[in-house]
>>> print(open('coords00.txt').read())   # compact mmCIF, C-alpha atoms (C1' of nucleotides)
# COMPACT_ATOMS: atom_id res chain seq x y z
CA MET A 337 143.12 -8.02 42.08
CA PHE A 338 144.02 -4.37 42.06
CA PHE A 339 146.27 -3.26 44.91
CA GLY A 340 148.26 -0.30 46.03
CA GLN A 341 148.42 3.35 45.12
CA TYR A 342 150.19 5.21 42.34
CA GLU A 343 150.72 8.88 41.67
CA HIS A 344 150.73 9.49 37.92
CA ASN A 345 150.78 12.53 35.70
CA ILE A 346 148.25 13.51 33.08
CA ASP A 347 149.63 15.06 29.93
CA ALA A 348 148.42 18.20 28.17
CA LYS A 349 145.91 16.20 26.14
CA GLY A 350 144.31 14.53 29.14
CA ARG A 351 146.05 11.17 28.79
CA LEU A 352 146.91 9.05 31.82
CA THR A 353 149.29 6.12 31.96
CA ILE A 354 147.66 3.15 33.68
CA PRO A 355 150.15 1.15 35.79
CA ALA A 356 151.48 -1.79 33.82
CA SER A 357 150.35 -4.27 36.47
CA PHE A 358 146.80 -2.94 36.22
CA ARG A 359 146.81 -3.18 32.44
CA GLU A 360 147.65 -6.85 32.69
CA GLN A 361 144.50 -7.41 34.68
CA ALA A 362 142.28 -5.47 32.31
CA PRO A 363 143.95 -6.13 28.98
CA GLU A 364 140.92 -5.25 26.88
CA GLY A 365 140.55 -1.83 28.45
CA ILE A 366 138.38 -0.39 31.15
CA TYR A 367 135.04 1.20 31.75
CA LEU A 368 135.49 4.48 33.53
CA THR A 369 132.58 6.02 35.38
CA GLU A 370 131.74 8.53 38.04
CA GLY A 371 132.20 7.35 41.62
CA PHE A 372 130.25 8.22 44.73
CA ASP A 373 132.87 10.48 46.27
CA SER A 374 133.93 12.91 43.54
CA ASN A 375 136.23 10.30 42.15
CA LEU A 376 136.29 8.01 39.12
CA ILE A 377 135.90 4.24 39.14
CA ALA A 378 137.54 1.98 36.60
CA TYR A 379 136.18 -1.51 36.00
CA PRO A 380 137.65 -4.18 33.79
CA LYS A 381 135.33 -4.87 30.88
CA GLN A 382 133.81 -8.07 32.16
CA HIS A 383 133.21 -6.73 35.62
CA PHE A 384 131.36 -3.66 34.43
CA GLU A 385 129.11 -5.72 32.27
CA GLN A 386 128.16 -7.74 35.33
CA ILE A 387 127.22 -4.57 37.18
CA ALA A 388 125.32 -3.32 34.15
CA ASN A 389 123.31 -6.53 34.12
CA ASN A 390 122.51 -6.22 37.81
CA LEU A 391 121.36 -2.67 37.32
CA SER A 392 119.21 -3.56 34.37
CA GLU A 393 117.35 -6.10 36.45
CA LEU A 394 116.26 -3.52 39.00
CA SER A 395 112.76 -2.17 38.66
CA ILE A 396 112.38 0.86 36.46
CA THR A 397 109.44 2.05 38.54
CA ASP A 398 111.66 3.04 41.45
CA PRO A 399 112.90 6.65 41.07
CA GLU A 400 116.12 5.98 43.00
CA THR A 401 116.94 3.11 40.72
CA ARG A 402 116.44 5.28 37.70
CA ALA A 403 118.72 7.94 39.17
CA LEU A 404 121.43 5.38 39.93
CA ARG A 405 121.27 4.02 36.41
CA ARG A 406 121.64 7.49 34.98
CA LEU A 407 124.57 8.21 37.28
CA ILE A 408 126.43 5.13 36.21
CA PHE A 409 125.62 4.84 32.52
CA SER A 410 125.53 8.43 31.43
CA ASN A 411 128.94 9.06 32.96
CA ALA A 412 130.59 5.92 31.73
CA ALA A 413 133.18 5.59 29.02
CA MET A 414 134.76 2.52 27.48
CA LEU A 415 138.48 3.24 27.17
CA THR A 416 141.33 1.34 25.56
CA TYR A 417 145.06 1.88 25.85
CA ASP A 418 147.20 3.57 23.26
CA THR A 419 150.54 2.11 22.27
CA ALA A 420 152.16 3.62 25.36
CA GLY A 421 149.61 2.18 27.82
CA ARG A 422 147.68 5.41 28.27
CA ILE A 423 143.97 6.15 28.28
CA LEU A 424 142.38 9.40 27.29
CA ILE A 425 140.04 10.49 30.06
CA PRO A 426 137.05 12.34 28.55
CA ALA A 427 136.83 15.97 29.58
CA PHE A 428 133.53 15.57 31.44
CA LEU A 429 135.03 12.88 33.67
CA ARG A 430 138.11 14.94 34.35
CA ALA A 431 135.76 17.68 35.46
CA THR A 432 133.69 15.52 37.81
CA GLY A 433 136.84 14.07 39.34
CA GLN A 434 138.49 17.49 39.67
CA ILE A 435 141.51 16.01 37.97
CA ASN A 436 144.08 18.28 36.38
CA ASP A 437 147.68 17.30 35.97
CA THR A 438 148.45 14.76 38.70
CA CYS A 439 146.19 12.09 40.09
CA MET A 440 146.17 9.08 42.37
CA ILE A 441 145.34 5.61 41.08
CA ILE A 442 143.98 3.47 43.88
CA GLY A 443 143.52 -0.30 43.76
CA ILE A 444 140.40 -1.51 45.55
CA GLY A 445 140.24 -5.20 44.76
CA ASP A 446 138.19 -5.93 41.70
CA SER A 447 138.32 -2.38 40.42
CA PHE A 448 140.41 0.73 40.84
CA GLU A 449 139.74 4.39 41.40
CA ILE A 450 141.17 7.65 40.09
CA TRP A 451 141.32 10.59 42.46
CA SER A 452 142.64 14.10 42.41
CA VAL A 453 145.65 14.29 44.70
CA GLU A 454 143.91 16.74 47.01
CA LEU A 455 140.71 14.77 47.46
CA TRP A 456 142.59 11.55 47.98
CA SER A 457 144.71 12.99 50.74
CA LEU A 458 141.51 14.02 52.52
CA GLU A 459 140.06 10.56 52.03
CA ALA A 460 143.25 8.92 53.29
CA GLN A 461 143.21 11.09 56.38
CA SER A 462 139.69 9.96 57.15
CA HIS A 463 141.00 6.38 57.21
CA ASN A 464 143.11 7.24 60.24
CA ASP A 465 140.22 7.51 62.68
CA PRO A 466 140.90 4.57 65.04
CA GLN A 467 137.36 4.39 66.37
CA LYS A 468 135.77 4.28 62.94
CA ASN A 469 138.33 1.76 61.81
CA SER A 470 137.67 -0.65 64.61
CA ASN A 471 134.01 -0.61 63.68
CA ARG A 472 134.89 -1.17 60.05
CA TRP A 473 137.19 -4.04 60.91
CA ALA A 474 134.54 -5.51 63.15
CA ALA A 475 132.22 -5.70 60.17
CA ILE A 476 134.72 -7.58 58.08
CA ASN A 477 135.72 -9.92 60.89
CA ILE A 478 132.15 -11.01 61.32
CA SER A 479 131.81 -11.83 57.69
CA ALA A 480 135.22 -13.47 57.58
CA ARG A 481 133.88 -16.10 59.95
CA GLY A 482 130.79 -16.61 57.84
CA ASN A 483 131.96 -19.64 55.93
CA MET B 501 153.99 -20.41 62.46
CA PHE B 502 156.18 -17.35 62.30
CA PHE B 503 158.59 -16.94 65.21
CA GLY B 504 161.49 -14.82 66.25
CA GLN B 505 163.03 -11.57 65.14
CA TYR B 506 165.51 -10.71 62.42
CA GLU B 507 167.38 -7.55 61.60
CA HIS B 508 167.78 -7.29 57.82
CA ASN B 509 169.06 -4.65 55.46
CA ILE B 510 167.14 -3.01 52.65
CA ASP B 511 169.13 -2.29 49.51
CA ALA B 512 169.23 0.91 47.51
CA LYS B 513 166.23 -0.18 45.43
CA GLY B 514 164.03 -0.93 48.43
CA ARG B 515 164.44 -4.71 48.41
CA LEU B 516 164.33 -6.75 51.59
CA THR B 517 165.46 -10.34 52.04
CA ILE B 518 162.76 -12.37 53.79
CA PRO B 519 164.23 -14.96 56.19
CA ALA B 520 164.47 -18.33 54.50
CA SER B 521 162.36 -20.00 57.19
CA PHE B 522 159.57 -17.49 56.60
CA ARG B 523 159.70 -18.04 52.88
CA GLU B 524 159.13 -21.73 53.40
CA GLN B 525 155.89 -20.93 55.18
CA ALA B 526 154.66 -18.50 52.56
CA PRO B 527 156.17 -19.99 49.43
CA GLU B 528 153.86 -18.22 47.00
CA GLY B 529 154.63 -14.79 48.36
CA ILE B 530 153.01 -12.45 50.81
CA TYR B 531 150.50 -9.70 51.07
CA LEU B 532 151.96 -6.69 52.75
CA THR B 533 149.68 -4.08 54.35
CA GLU B 534 149.79 -1.17 56.71
CA GLY B 535 149.67 -2.15 60.39
CA PHE B 536 148.10 -0.34 63.32
CA ASP B 537 151.31 0.91 64.90
CA SER B 538 153.27 2.52 62.05
CA ASN B 539 154.47 -0.91 61.02
CA LEU B 540 153.75 -3.29 58.16
CA ILE B 541 151.95 -6.64 58.38
CA ALA B 542 152.74 -9.54 56.08
CA TYR B 543 150.12 -12.22 55.53
CA PRO B 544 150.58 -15.45 53.63
CA LYS B 545 148.55 -15.49 50.44
CA GLN B 546 145.64 -17.61 51.55
CA HIS B 547 144.92 -15.71 54.72
CA PHE B 548 144.63 -12.37 53.01
CA GLU B 549 142.58 -13.63 50.12
CA GLN B 550 139.92 -14.79 52.52
CA ILE B 551 139.54 -11.22 53.73
CA ALA B 552 139.63 -9.84 50.20
CA ASN B 553 136.90 -12.17 49.02
CA ASN B 554 134.59 -11.21 51.84
CA LEU B 555 135.18 -7.55 51.12
CA SER B 556 134.37 -7.95 47.48
CA GLU B 557 130.98 -9.34 48.31
CA LEU B 558 129.85 -6.22 50.15
CA SER B 559 127.88 -3.61 48.22
CA ILE B 560 129.65 -0.51 46.98
CA THR B 561 126.60 1.61 47.69
CA ASP B 562 127.45 1.61 51.41
CA PRO B 563 129.92 4.40 52.30
CA GLU B 564 131.53 2.44 55.14
CA THR B 565 132.13 -0.46 52.81
CA ARG B 566 133.82 1.82 50.33
CA ALA B 567 136.03 3.29 53.06
CA LEU B 568 137.00 -0.15 54.29
CA ARG B 569 137.91 -1.37 50.83
CA ARG B 570 140.06 1.66 50.19
CA LEU B 571 141.71 1.32 53.56
CA ILE B 572 142.65 -2.29 53.01
CA PHE B 573 143.40 -2.55 49.30
CA SER B 574 145.06 0.79 48.71
CA ASN B 575 147.61 0.05 51.41
CA ALA B 576 148.25 -3.51 50.34
CA ALA B 577 150.65 -5.11 47.93
CA MET B 578 150.97 -8.66 46.65
CA LEU B 579 154.67 -9.42 46.66
CA THR B 580 156.65 -12.37 45.38
CA TYR B 581 160.30 -13.23 45.91
CA ASP B 582 163.00 -12.62 43.39
CA THR B 583 165.62 -15.27 42.72
CA ALA B 584 167.52 -14.23 45.85
CA GLY B 585 164.50 -14.43 48.16
CA ARG B 586 163.88 -10.71 48.30
CA ILE B 587 160.70 -8.67 47.98
CA LEU B 588 160.47 -5.12 46.71
CA ILE B 589 158.58 -3.05 49.26
CA PRO B 590 156.61 -0.35 47.42
CA ALA B 591 157.66 3.19 48.24
CA PHE B 592 154.35 4.15 49.85
CA LEU B 593 154.63 1.27 52.33
CA ARG B 594 158.22 2.12 53.14
CA ALA B 595 156.97 5.60 53.92
CA THR B 596 154.14 4.53 56.22
CA GLY B 597 156.47 2.14 58.05
CA GLN B 598 159.24 4.74 58.30
CA ILE B 599 161.59 2.14 56.91
CA ASN B 600 164.86 3.20 55.35
CA ASP B 601 167.89 0.94 55.24
CA THR B 602 167.55 -1.49 58.13
CA CYS B 603 164.42 -3.05 59.55
CA MET B 604 163.18 -5.66 61.98
CA ILE B 605 161.20 -8.67 60.85
CA ILE B 606 159.03 -9.97 63.68
CA GLY B 607 157.20 -13.29 63.70
CA ILE B 608 153.77 -13.11 65.32
CA GLY B 609 152.21 -16.50 64.75
CA ASP B 610 150.10 -16.65 61.63
CA SER B 611 151.69 -13.53 60.14
CA PHE B 612 154.78 -11.42 60.58
CA GLU B 613 155.53 -7.75 60.88
CA ILE B 614 158.12 -5.36 59.50
CA TRP B 615 159.24 -2.48 61.70
CA SER B 616 161.74 0.30 61.49
CA VAL B 617 164.57 -0.40 63.92
CA GLU B 618 163.78 2.72 65.94
CA LEU B 619 160.07 2.05 66.38
CA TRP B 620 160.68 -1.58 67.18
CA SER B 621 163.14 -0.77 69.93
CA LEU B 622 160.53 1.47 71.54
CA GLU B 623 157.93 -1.26 71.23
CA ALA B 624 160.32 -3.86 72.64
CA GLN B 625 161.22 -1.62 75.58
CA SER B 626 157.57 -1.33 76.48
CA HIS B 627 157.39 -5.13 76.68
CA ASN B 628 160.18 -5.12 79.25
CA ASP B 629 158.68 -2.65 81.63
CA PRO B 630 157.74 -4.74 84.71
CA GLN B 631 155.39 -2.12 86.06
CA LYS B 632 153.44 -1.92 82.89
CA ASN B 633 153.43 -5.65 82.42
CA SER B 634 152.11 -6.66 85.79
CA ASN B 635 148.54 -5.79 84.93
CA ARG B 636 148.70 -4.94 81.29
CA TRP B 637 147.37 -8.21 79.94
CA ALA B 638 145.33 -9.29 82.91
CA ALA B 639 142.10 -9.09 80.98
CA ILE B 640 143.32 -11.37 78.20
CA ASN B 641 142.54 -14.98 78.84
CA ILE B 642 145.17 -17.47 77.71
CA SER B 643 145.69 -21.04 78.71
CA ALA B 644 147.46 -23.99 77.21
CA ARG B 645 144.19 -25.86 77.08
CA GLY B 646 141.83 -25.61 74.19
CA ASN B 647 138.80 -23.38 74.58
C1' DC C 602 137.24 25.41 2.60
C1' DA C 603 140.32 27.01 6.21
C1' DA C 604 141.42 27.34 10.85
C1' DA C 605 141.20 25.83 15.37
C1' DT C 606 140.80 22.23 18.43
C1' DA C 607 140.94 17.57 19.99
C1' DG C 608 142.89 13.17 19.70
C1' DT C 609 146.68 9.72 18.47
C1' DG C 610 151.33 7.77 17.41
C1' DT C 611 156.23 7.77 18.06
C1' DC C 612 160.42 8.45 20.21
C1' DA C 613 164.08 9.11 23.60
C1' DA C 614 165.54 10.00 28.30
C1' DA C 615 165.09 9.37 33.19
C1' DG C 616 163.96 6.55 36.63
C1' DA C 617 162.27 2.39 38.79
C1' DG C 618 162.42 -2.46 39.07
C1' DT C 619 164.75 -7.14 38.32
C1' DG C 620 168.38 -10.73 37.63
C1' DT C 621 172.86 -12.37 38.56
C1' DC C 622 176.88 -13.22 40.94
C1' DA C 623 180.53 -13.49 44.29
C1' DG C 624 182.00 -12.70 48.96
C1' DA C 625 180.93 -12.42 53.89
C1' DA C 626 178.61 -14.18 57.56
C1' DA C 627 176.06 -17.47 59.97
C1' DG C 628 174.70 -21.97 60.83
C1' DT C 629 175.18 -27.18 60.60
C1' DG C 630 177.19 -31.66 60.95
C1' DT C 631 181.07 -34.70 61.70
C1' DA D 358 187.86 -27.69 65.74
C1' DC D 359 187.18 -28.20 61.08
C1' DA D 360 184.90 -28.52 56.70
C1' DC D 361 180.76 -27.81 54.52
C1' DT D 362 176.39 -25.70 53.46
C1' DT D 363 173.11 -22.19 53.56
C1' DT D 364 171.76 -17.46 53.84
C1' DC D 365 172.21 -12.69 53.36
C1' DT D 366 174.30 -8.63 51.23
C1' DG D 367 176.22 -5.28 48.01
C1' DA D 368 177.48 -4.34 43.47
C1' DC D 369 176.72 -4.30 38.81
C1' DA D 370 174.30 -4.82 34.53
C1' DC D 371 170.18 -4.97 32.35
C1' DT D 372 165.13 -4.47 31.35
C1' DC D 373 160.83 -2.31 31.79
C1' DT D 374 157.84 1.67 32.72
C1' DT D 375 156.60 6.28 32.74
C1' DT D 376 156.90 10.82 30.97
C1' DG D 377 157.42 14.89 28.09
C1' DA D 378 158.07 16.44 23.62
C1' DC D 379 157.00 16.65 19.03
C1' DA D 380 154.67 15.51 14.78
C1' DC D 381 150.76 14.02 12.66
C1' DT D 382 145.64 12.93 11.82
C1' DA D 383 140.76 13.60 12.61
C1' DT D 384 137.01 16.36 13.88
C1' DT D 385 134.49 20.38 14.65
C1' DT D 386 133.43 25.19 13.82
C1' DG D 387 132.95 29.43 11.43
>>> encode(input="coords00.txt", output="C-alpha cells")
Amino acid sequence: MFFGQYEHNIDAKGRLTIPASFREQAPEGIYLTEGFDSNLIAYPKQHFEQIANNLSELSITDPETRALRRLIFSNAAMLTYDTAGRILIPAFLRATGQINDTCMIIGIGDSFEIWSVELWSLEAQSHNDPQKNSNRWAAINISARGN
Amino acid sequence: MFFGQYEHNIDAKGRLTIPASFREQAPEGIYLTEGFDSNLIAYPKQHFEQIANNLSELSITDPETRALRRLIFSNAAMLTYDTAGRILIPAFLRATGQINDTCMIIGIGDSFEIWSVELWSLEAQSHNDPQKNSNRWAAINISARGN
DNA sequence: CAAATAGTGTCAAAGAGTGTCAGAAAGTGT
DNA sequence: ACACTTTCTGACACTCTTTGACACTATTTG
C-alpha cells in the first residue's frame, strides 16, 4: 500500500526520485498516466494491466468509453528506475501535470499520484471542509459494515 | 483496549516511544493518521486495513471517492517499532499535530491518539467544565447493558 | 556529417532515518 | 523498605536516501 506524502525535486532533465519505500512496492517500474484532476497517476505494473483489461472489456460503441480509453492509454508511459531510483517523466506528462522543479508524491492506497506543489495545496485545502468530509466518511462507514 | 494517558518525549529525529502496554495490543505496528481536532489517531493494523480495503473497491471515476482516498491515504503512515519500541512520526504528521518535543498519548478504546501537550491541556480543561458537561452529552445514549 | 538536444550513468555531500547502549526513572514483588 | 525488573530517554555511531553536479551516450535536426 502506498501511504503518505513526499515533496521531491525534479532535476534539469526532468528526472524524479521515487521514494525508496514506493520503489519496493513497484520494483518493476510504474505506469504513469494522466489523472482526472490535472495530476499524474502512477500504477505498479500489475495493477495497471488490470485496469487496462477492464477498460478493454467495455463496449467500443459508447463514445464516453472511447474517450476514457484515449485519455488513459494515449497519456500513459511505462517507466523504470535508473540506478539512482529516478524516473524520467516524459515532457508531455510534465506539461499536463504542470510540474516544473518541485512536486508532491501522494500515496493513495494501491497507486500514487504526482502533483505540482501549487495544485496539491489547493486540493489539500479542499479536504478541510468538515461538512463535505462527514459525508465522505459516512460513505465509507456504510461500506465498512458491508461484510 | 487502549486506556489512560502518557506524556512522552520525542527525540531529535522525531521518534516517539509507544507505551509498552500499547505495543502489546498492536504488536505489528500502527497506522497513524490525521485526526479531526489537530491531533493524530493511531489504529492497530487490522482495523485500518478494513477501511483501506473498502476504499480500494470504490471506483476512481467518482470525484468524491478520489477526494476521500487522498484524504485518508495521503495523511496516513504505516509505522513499526524499532528495537527500543519507538516509531518515527513522519514530518508532515508532526506538523499537522503541532507536535514538537513532548506529546500526550491518549487511549480511547479501540485506538489511541497523539496530541501536542498544549492542545491536549485545552481539550482536557473542556472536559472538566461542569457547566458544559451537564448537558453536553445528554443526547448520547450509553448504558452498561448491551444494545 | 556536425551540432544541438535529450536522455543516462556516476559520484560525493548533505540530510534523514535506524540501531545500540547505558543510565535514569518508574514500577513490581518479597 | 529493599532488591529487582521493566520502561523510557538521550547520546552516539552508523546506514540509507535524496540531490545536484558533471560527464558521457544516443537521438534528432539541419
>>> residues_around(input="coords00.txt", residues="C:DT621", least_positions_apart="3", cutoff="12 Å", atoms="all atoms listed in the file", output="JSON, numbers by chain")
{"B": [582, 583, 584], "D": [368, 369, 370, 371]}
>>> residues_around(input="coords00.txt", residues="stretch 511-515 of chain B", least_positions_apart="3", cutoff="8 Å", atoms="all atoms listed in the file", output="ChimeraX atom specification")
/B:586-591,601 /C:618 /D:367
>>> residues_around(input="coords00.txt", residues="A:Ala460", least_positions_apart="3", cutoff="10 Å", atoms="all atoms listed in the file", output="ChimeraX atom specification")
/A:455-457,463-465 /B:567,570-571,574
>>> residues_around(input="coords00.txt", residues="B:Thr602", least_positions_apart="5", cutoff="10 Å", atoms="all atoms listed in the file", output="ChimeraX atom specification")
/B:507-511,516,615-618
>>> calpha_fit_rmsd(input="coords00.txt", fixed="chain B", moving="chain A")
2.3 Å
>>> closest_atom_pairs(input="coords00.txt", of="chain C", to="chain B", cutoff="12 Å", atoms="all atoms listed in the file", output="JSON lines")
{"residue": "C:DG616", "atom": "C1'", "partner": "B:Lys513", "partner_atom": "CA", "distance": 11.3}
{"residue": "C:DA617", "atom": "C1'", "partner": "B:Lys513", "partner_atom": "CA", "distance": 8.1}
{"residue": "C:DG618", "atom": "C1'", "partner": "B:Lys513", "partner_atom": "CA", "distance": 7.8}
{"residue": "C:DT619", "atom": "C1'", "partner": "B:Asp582", "partner_atom": "CA", "distance": 7.7}
{"residue": "C:DG620", "atom": "C1'", "partner": "B:Thr583", "partner_atom": "CA", "distance": 7.4}
{"residue": "C:DT621", "atom": "C1'", "partner": "B:Thr583", "partner_atom": "CA", "distance": 8.8}
{"residue": "C:DC622", "atom": "C1'", "partner": "B:Ala584", "partner_atom": "CA", "distance": 10.6}
>>> write_last_selection(input="coords00.txt", atoms="C-alpha atoms (C1' of nucleotides)", output="compact mmCIF listing (two decimals), in the frame of the given file")
# COMPACT_ATOMS: atom_id res chain seq x y z
C1' DG C 616 163.96 6.55 36.63
C1' DA C 617 162.27 2.39 38.79
C1' DG C 618 162.42 -2.46 39.07
C1' DT C 619 164.75 -7.14 38.32
C1' DG C 620 168.38 -10.73 37.63
C1' DT C 621 172.86 -12.37 38.56
C1' DC C 622 176.88 -13.22 40.94
>>> closest_atom_pairs(input="coords00.txt", of="chain A", to="chain B", cutoff="8 Å", atoms="all atoms listed in the file", output="Markdown table")
| residue | atom | partner | partner_atom | distance |
| --- | --- | --- | --- | --- |
| A:Phe338 | CA | B:Phe573 | CA | 7.5 |
| A:Phe339 | CA | B:Phe573 | CA | 5.3 |
| A:Gly340 | CA | B:Ser574 | CA | 4.3 |
| A:Gln341 | CA | B:Ser574 | CA | 5.5 |
| A:Ile442 | CA | B:Ser574 | CA | 5.6 |
| A:Gly443 | CA | B:Ser574 | CA | 5.3 |
| A:Ile444 | CA | B:Phe573 | CA | 4.9 |
| A:Gly445 | CA | B:Phe573 | CA | 6.1 |
| A:Asp446 | CA | B:Ser556 | CA | 7.2 |
| A:Ala460 | CA | B:Leu571 | CA | 7.8 |
| A:His463 | CA | B:Leu571 | CA | 6.3 |
| A:Asn469 | CA | B:Leu568 | CA | 7.9 |
| A:Arg472 | CA | B:Leu568 | CA | 6.2 |
| A:Trp473 | CA | B:Leu568 | CA | 7.7 |
| A:Ile476 | CA | B:Leu555 | CA | 7.0 |
| A:Ser479 | CA | B:Asn554 | CA | 6.5 |
| A:Ala480 | CA | B:Asn554 | CA | 6.2 |
>>> closest_residue(input="coords00.txt", among="B:Gln631, B:Glu524, B:Tyr506, B:Thr517", to="B:Gly585", atoms="only C-alpha atoms")
B:Thr517
>>> closest_residue(input="coords00.txt", among="D:DC359, D:DC365, D:DC381, D:DT372", to="chain B", atoms="all atoms listed in the file")
D:DC365
>>> closest_residue(input="coords00.txt", among="B:Ser559, B:Met501, B:Gly529, B:Ser521", to="chain D", atoms="only C-alpha atoms (C1' of nucleotides)")
B:Ser521
>>> residues_around(input="coords00.txt", residues="D:DC379", least_positions_apart="3", cutoff="12 Å", atoms="all atoms listed in the file", output="list in words")
DG610, DT611, DC612 and DA613 of chain C
>>> closest_atom_pairs(input="coords00.txt", of="chain D", to="chain A", cutoff="9 Å", atoms="all atoms listed in the file", output="JSON lines")
{"residue": "D:DT374", "atom": "C1'", "partner": "A:Ala356", "partner_atom": "CA", "distance": 7.3}
{"residue": "D:DT375", "atom": "C1'", "partner": "A:Thr353", "partner_atom": "CA", "distance": 7.4}
{"residue": "D:DT376", "atom": "C1'", "partner": "A:Asn345", "partner_atom": "CA", "distance": 7.9}
{"residue": "D:DG377", "atom": "C1'", "partner": "A:Asp347", "partner_atom": "CA", "distance": 8.0}
